[in-house]
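Have a look at the structure below, then the notes.
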Amino acid sequence: MDVSTLFASIALAFVVGFAIQRGRVCCVAAAEQMVVNRRPQRMKAYLLVACWSAVVILPLAWLFPGIAVLSVDYPIRPQVVVAPVFYGLGAWLNGACVFGTLAGLTRGELDYLATSGGIVVGAVAVASARIGHTLSDPAPVALQGAPDIIRLVLWGVALLLVAHAVQRHFRVRRRRRDLWRTLLKAGHWRPATAMAVLGIAGGLLYATAGKWTYLAVLSDRSAALVRMSEAGLQIAPLVLLLALGCGGVAAARLSGRFGWKAPSRKALVTRFSGGVLMCGGAAVLPGGNDTLLLYGLPSAVSYAFVGYAVMIVSLCVLIQTERWLRTRVGRRHGHGPHAPSS
């Protein structure tokens, strides 16, 4: 990565961290909304991130194939179905996906440091045991990717969805003088704004700088150090990770939502366990929900669609099972909706 590309990537990473903090981007929250409230709004907005990314990175890959690189595909093997289940279980235990973890950490919630520790331990364990392949290694059999005709169709569909979202967003008139105040100081952005910023900036980062996400950088560096690889000594990914964190902290402080929060013992245990499982699932798949959403789905690779669908279904099943168990326990102790009246 040359100097100009590095500085551009740092700026993009800062913007991504800012957008993650403001946009309440988390697949656990989206799955919970679908299960509890029977509303798919968050999930629809979440998938809009992939559409924005596809609209940006696909033309770049076609016009500048030497600069913008799309994801390769992987065979649909059992690991593509099993690994997302472990990732979903980890995200459920952690209470947040990778995006939500970064947002919580940059708000000052110190219990998410346990998630980071779990990610490092999970990466070291997978690298030491050489289970599957890590995020930094190629799969045993890698396919070239989807044909251009399929990617062209996907790009057209994504463009239509993005255009529809933009049209709905601008139906509400806003004063221009309030726009920057809203972007800088509002506690939360409108979903359309957050998803557009995250999809464009995140897709550009993946296409030009490679794996940059919180999970990918921590797990890649940890696995590379275990194997005594030169990749563990690379500074650029760590600089991008720092820029991500700075963007999140800046967004939290500008909106007045930053504040140190001491962790509880229970939260440390569950978040650490969740980090281990998320890292293990992402290493074997390969990729977590961040990689699949911003890079795999926009690149139109088959394993990303299968893996992401299994991940979301697993989360919904876990959330619904938890609600069912709580209801049963509540009824048994006389606190449920059908408890006998006194």
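Identifiers in the structure tokens: chain A, B, ... in order shown; residue index from 1 per chain; ligand index from 1 in order shown.
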At a cut-off of 8 Å, using only C-alpha atoms, what residues contact Ala31 (chain A)? Leave out same-chain residues fewer than 4 positions from it and give the result as a ChimeraX atom specification.
/A:27,35,43,312,315-316,319
Those same residues, written as a compact mmCIF listing (two decimals), in the first residue's frame with C-alpha atoms?
# COMPACT_ATOMS: atom_id res chain seq x y z
CA CYS A 27 -27.14 -7.89 13.11
CA VAL A 35 -38.22 -12.03 16.26
CA MET A 43 -32.65 -6.07 8.65
CA ILE A 312 -29.08 -14.75 10.56
CA LEU A 315 -29.46 -15.82 15.52
CA CYS A 316 -33.25 -15.75 15.11
CA ILE A 319 -33.36 -15.41 20.27
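Residues lying within 8 Å of Leu198 (chain A), counting only C-alpha atoms and ignoring same-chain neighbours fewer than 2 positions away, are Val15, Val16, Ala19, Ile20, Val49, Ala194, Met195, Ala196, Ile200, Ala201, Gly202 and Gly203 of chain A.
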Select from region 282-301 of chain A every residue with an atom at most 10 Å from any atom of region 83-97 of chain A, then for each give the shortest pair of atoms and their distance in Å to one decimal, using only C-alpha atoms, rows by chain and rising number, as CSV.
residue,atom,partner,partner_atom,distance
A:Ala282,CA,A:Tyr87,CA,6.6
A:Ala283,CA,A:Ala83,CA,8.4
A:Val284,CA,A:Ala83,CA,6.1
A:Leu285,CA,A:Ala83,CA,5.5
A:Pro286,CA,A:Ala83,CA,8.3
A:Gly287,CA,A:Pro84,CA,9.1
A:Gly288,CA,A:Tyr87,CA,7.3
A:Asn289,CA,A:Cys97,CA,7.5
A:Asp290,CA,A:Cys97,CA,8.5
So which residues of region 183-306 of chain A fall under helix (DSSP H, G or I) by DSSP, listed as an mmCIF file with C-alpha atoms, in the first residue's frame?
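Final file, out-v2.cif:
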data_model
loop_
_atom_site.group_PDB
_atom_site.id
_atom_site.type_symbol
_atom_site.label_atom_id
_atom_site.label_comp_id
_atom_site.auth_asym_id
_atom_site.auth_seq_id
_atom_site.Cartn_x
_atom_site.Cartn_y
_atom_site.Cartn_z
ATOM 1 C CA LEU A 183 -24.506 14.492 10.939
ATOM 2 C CA LEU A 184 -22.019 15.677 13.567
ATOM 3 C CA LYS A 185 -24.002 15.958 16.793
ATOM 4 C CA PRO A 191 -30.923 4.444 8.764
ATOM 5 C CA ALA A 192 -30.653 5.511 5.113
ATOM 6 C CA THR A 193 -27.802 7.902 5.919
ATOM 7 C CA ALA A 194 -25.883 5.460 8.102
ATOM 8 C CA MET A 195 -26.194 2.574 5.676
ATOM 9 C CA ALA A 196 -25.131 4.702 2.709
ATOM 10 C CA VAL A 197 -22.007 5.984 4.464
ATOM 11 C CA LEU A 198 -21.062 2.569 5.826
ATOM 12 C CA GLY A 199 -21.692 0.753 2.535
ATOM 13 C CA ILE A 200 -19.751 3.205 0.376
ATOM 14 C CA ALA A 201 -16.789 3.760 2.697
ATOM 15 C CA GLY A 202 -16.610 0.148 3.844
ATOM 16 C CA GLY A 203 -16.854 -1.236 0.331
ATOM 17 C CA LEU A 204 -14.133 1.106 -0.907
ATOM 18 C CA LEU A 205 -11.876 0.002 1.957
ATOM 19 C CA TYR A 206 -12.348 -3.676 1.169
ATOM 20 C CA ALA A 207 -11.797 -3.169 -2.542
ATOM 21 C CA THR A 208 -8.595 -1.159 -2.139
ATOM 22 C CA ALA A 209 -7.092 -2.000 1.267
ATOM 23 C CA TYR A 214 -12.095 -5.084 13.752
ATOM 24 C CA LEU A 215 -12.447 -8.875 13.736
ATOM 25 C CA ALA A 216 -10.266 -9.449 10.681
ATOM 26 C CA VAL A 217 -7.354 -7.324 11.896
ATOM 27 C CA LEU A 218 -7.274 -8.801 15.407
ATOM 28 C CA SER A 219 -7.590 -12.388 14.204
ATOM 29 C CA ASP A 220 -5.193 -11.976 11.275
ATOM 30 C CA ARG A 221 -2.453 -10.422 13.374
ATOM 31 C CA SER A 222 -2.874 -12.966 16.165
ATOM 32 C CA ALA A 223 -2.792 -15.942 13.784
ATOM 33 C CA ALA A 224 0.171 -14.527 11.863
ATOM 34 C CA LEU A 225 2.193 -14.078 15.058
ATOM 35 C CA VAL A 226 1.478 -17.680 16.058
ATOM 36 C CA GLU A 230 5.633 -11.549 8.288
ATOM 37 C CA ALA A 231 1.953 -10.594 8.062
ATOM 38 C CA GLY A 232 1.927 -10.216 11.834
ATOM 39 C CA LEU A 233 4.438 -7.369 11.569
ATOM 40 C CA ALA A 236 -1.066 -0.686 7.986
ATOM 41 C CA PRO A 237 -3.936 -2.896 9.268
ATOM 42 C CA LEU A 238 -3.266 -1.770 12.838
ATOM 43 C CA VAL A 239 -3.298 1.867 11.719
ATOM 44 C CA LEU A 240 -6.672 1.324 10.024
ATOM 45 C CA LEU A 241 -7.991 -0.340 13.194
ATOM 46 C CA LEU A 242 -6.859 2.693 15.207
ATOM 47 C CA ALA A 243 -8.609 5.000 12.731
ATOM 48 C CA LEU A 244 -11.800 2.952 13.094
ATOM 49 C CA GLY A 245 -11.664 3.348 16.851
ATOM 50 C CA CYS A 246 -10.952 7.076 16.631
ATOM 51 C CA GLY A 247 -13.967 7.553 14.360
ATOM 52 C CA GLY A 248 -16.225 5.737 16.806
ATOM 53 C CA VAL A 249 -14.926 7.669 19.818
ATOM 54 C CA ALA A 250 -15.302 10.988 17.973
ATOM 55 C CA ALA A 251 -18.915 10.178 17.086
ATOM 56 C CA ALA A 252 -19.716 9.166 20.659
ATOM 57 C CA ARG A 253 -18.122 12.264 22.185
ATOM 58 C CA LEU A 254 -19.749 14.691 19.734
ATOM 59 C CA ARG A 265 -18.287 -10.374 35.938
ATOM 60 C CA LYS A 266 -21.136 -12.003 34.022
ATOM 61 C CA ALA A 267 -20.671 -9.680 31.042
ATOM 62 C CA LEU A 268 -16.940 -10.413 30.931
ATOM 63 C CA VAL A 269 -17.558 -14.166 30.792
ATOM 64 C CA THR A 270 -20.295 -14.065 28.153
ATOM 65 C CA ARG A 271 -18.516 -11.544 25.951
ATOM 66 C CA PHE A 272 -15.229 -13.430 26.141
ATOM 67 C CA SER A 273 -16.989 -16.676 25.182
ATOM 68 C CA GLY A 274 -18.804 -14.873 22.393
ATOM 69 C CA GLY A 275 -15.535 -13.460 21.043
ATOM 70 C CA VAL A 276 -13.929 -16.917 20.943
ATOM 71 C CA LEU A 277 -16.876 -18.421 19.056
ATOM 72 C CA MET A 278 -17.218 -15.514 16.630
ATOM 73 C CA CYS A 279 -13.531 -15.630 15.762
ATOM 74 C CA GLY A 280 -13.572 -19.405 15.367
ATOM 75 C CA GLY A 281 -16.602 -19.310 13.091
ATOM 76 C CA ALA A 282 -15.193 -16.456 11.019
ATOM 77 C CA ALA A 283 -11.821 -18.196 10.659
ATOM 78 C CA VAL A 284 -13.355 -21.411 9.359
ATOM 79 C CA ASN A 289 -20.927 -10.751 9.206
ATOM 80 C CA ASP A 290 -18.867 -7.623 8.472
ATOM 81 C CA THR A 291 -16.784 -9.307 5.759
ATOM 82 C CA LEU A 292 -19.763 -11.097 4.242
ATOM 83 C CA LEU A 293 -21.936 -7.980 4.218
ATOM 84 C CA LEU A 294 -19.425 -5.463 2.877
ATOM 85 C CA TYR A 295 -17.337 -7.696 0.620
ATOM 86 C CA GLY A 296 -18.754 -11.168 0.018
ATOM 87 C CA SER A 302 -22.110 -18.015 -3.396
ATOM 88 C CA TYR A 303 -20.556 -18.940 -0.050
ATOM 89 C CA ALA A 304 -21.287 -15.440 1.304
ATOM 90 C CA PHE A 305 -25.016 -15.732 0.576
ATOM 91 C CA VAL A 306 -25.232 -19.167 2.178
#
The residue from A:Ala45, A:Val310, A:Ala300, A:Leu12 with the smallest atom-to-atom distance to Tyr74 (chain A), counting only C-alpha atoms, is A:Ala300
Pick out the closest residue to Gly156 (chain A) from this set: A:Pro75, A:Trp189, A:Cys51, A:Thr5. Count only C-alpha atoms.
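Closest to Gly156 (chain A) of all the choices is A:Cys51.
Nearest-residue note for Ile149 (chain A): choosing from A:Trp62, A:Trp52, A:Arg331, A:Pro78, the minimum distance belongs to A:Trp62, counting only C-alpha atoms.
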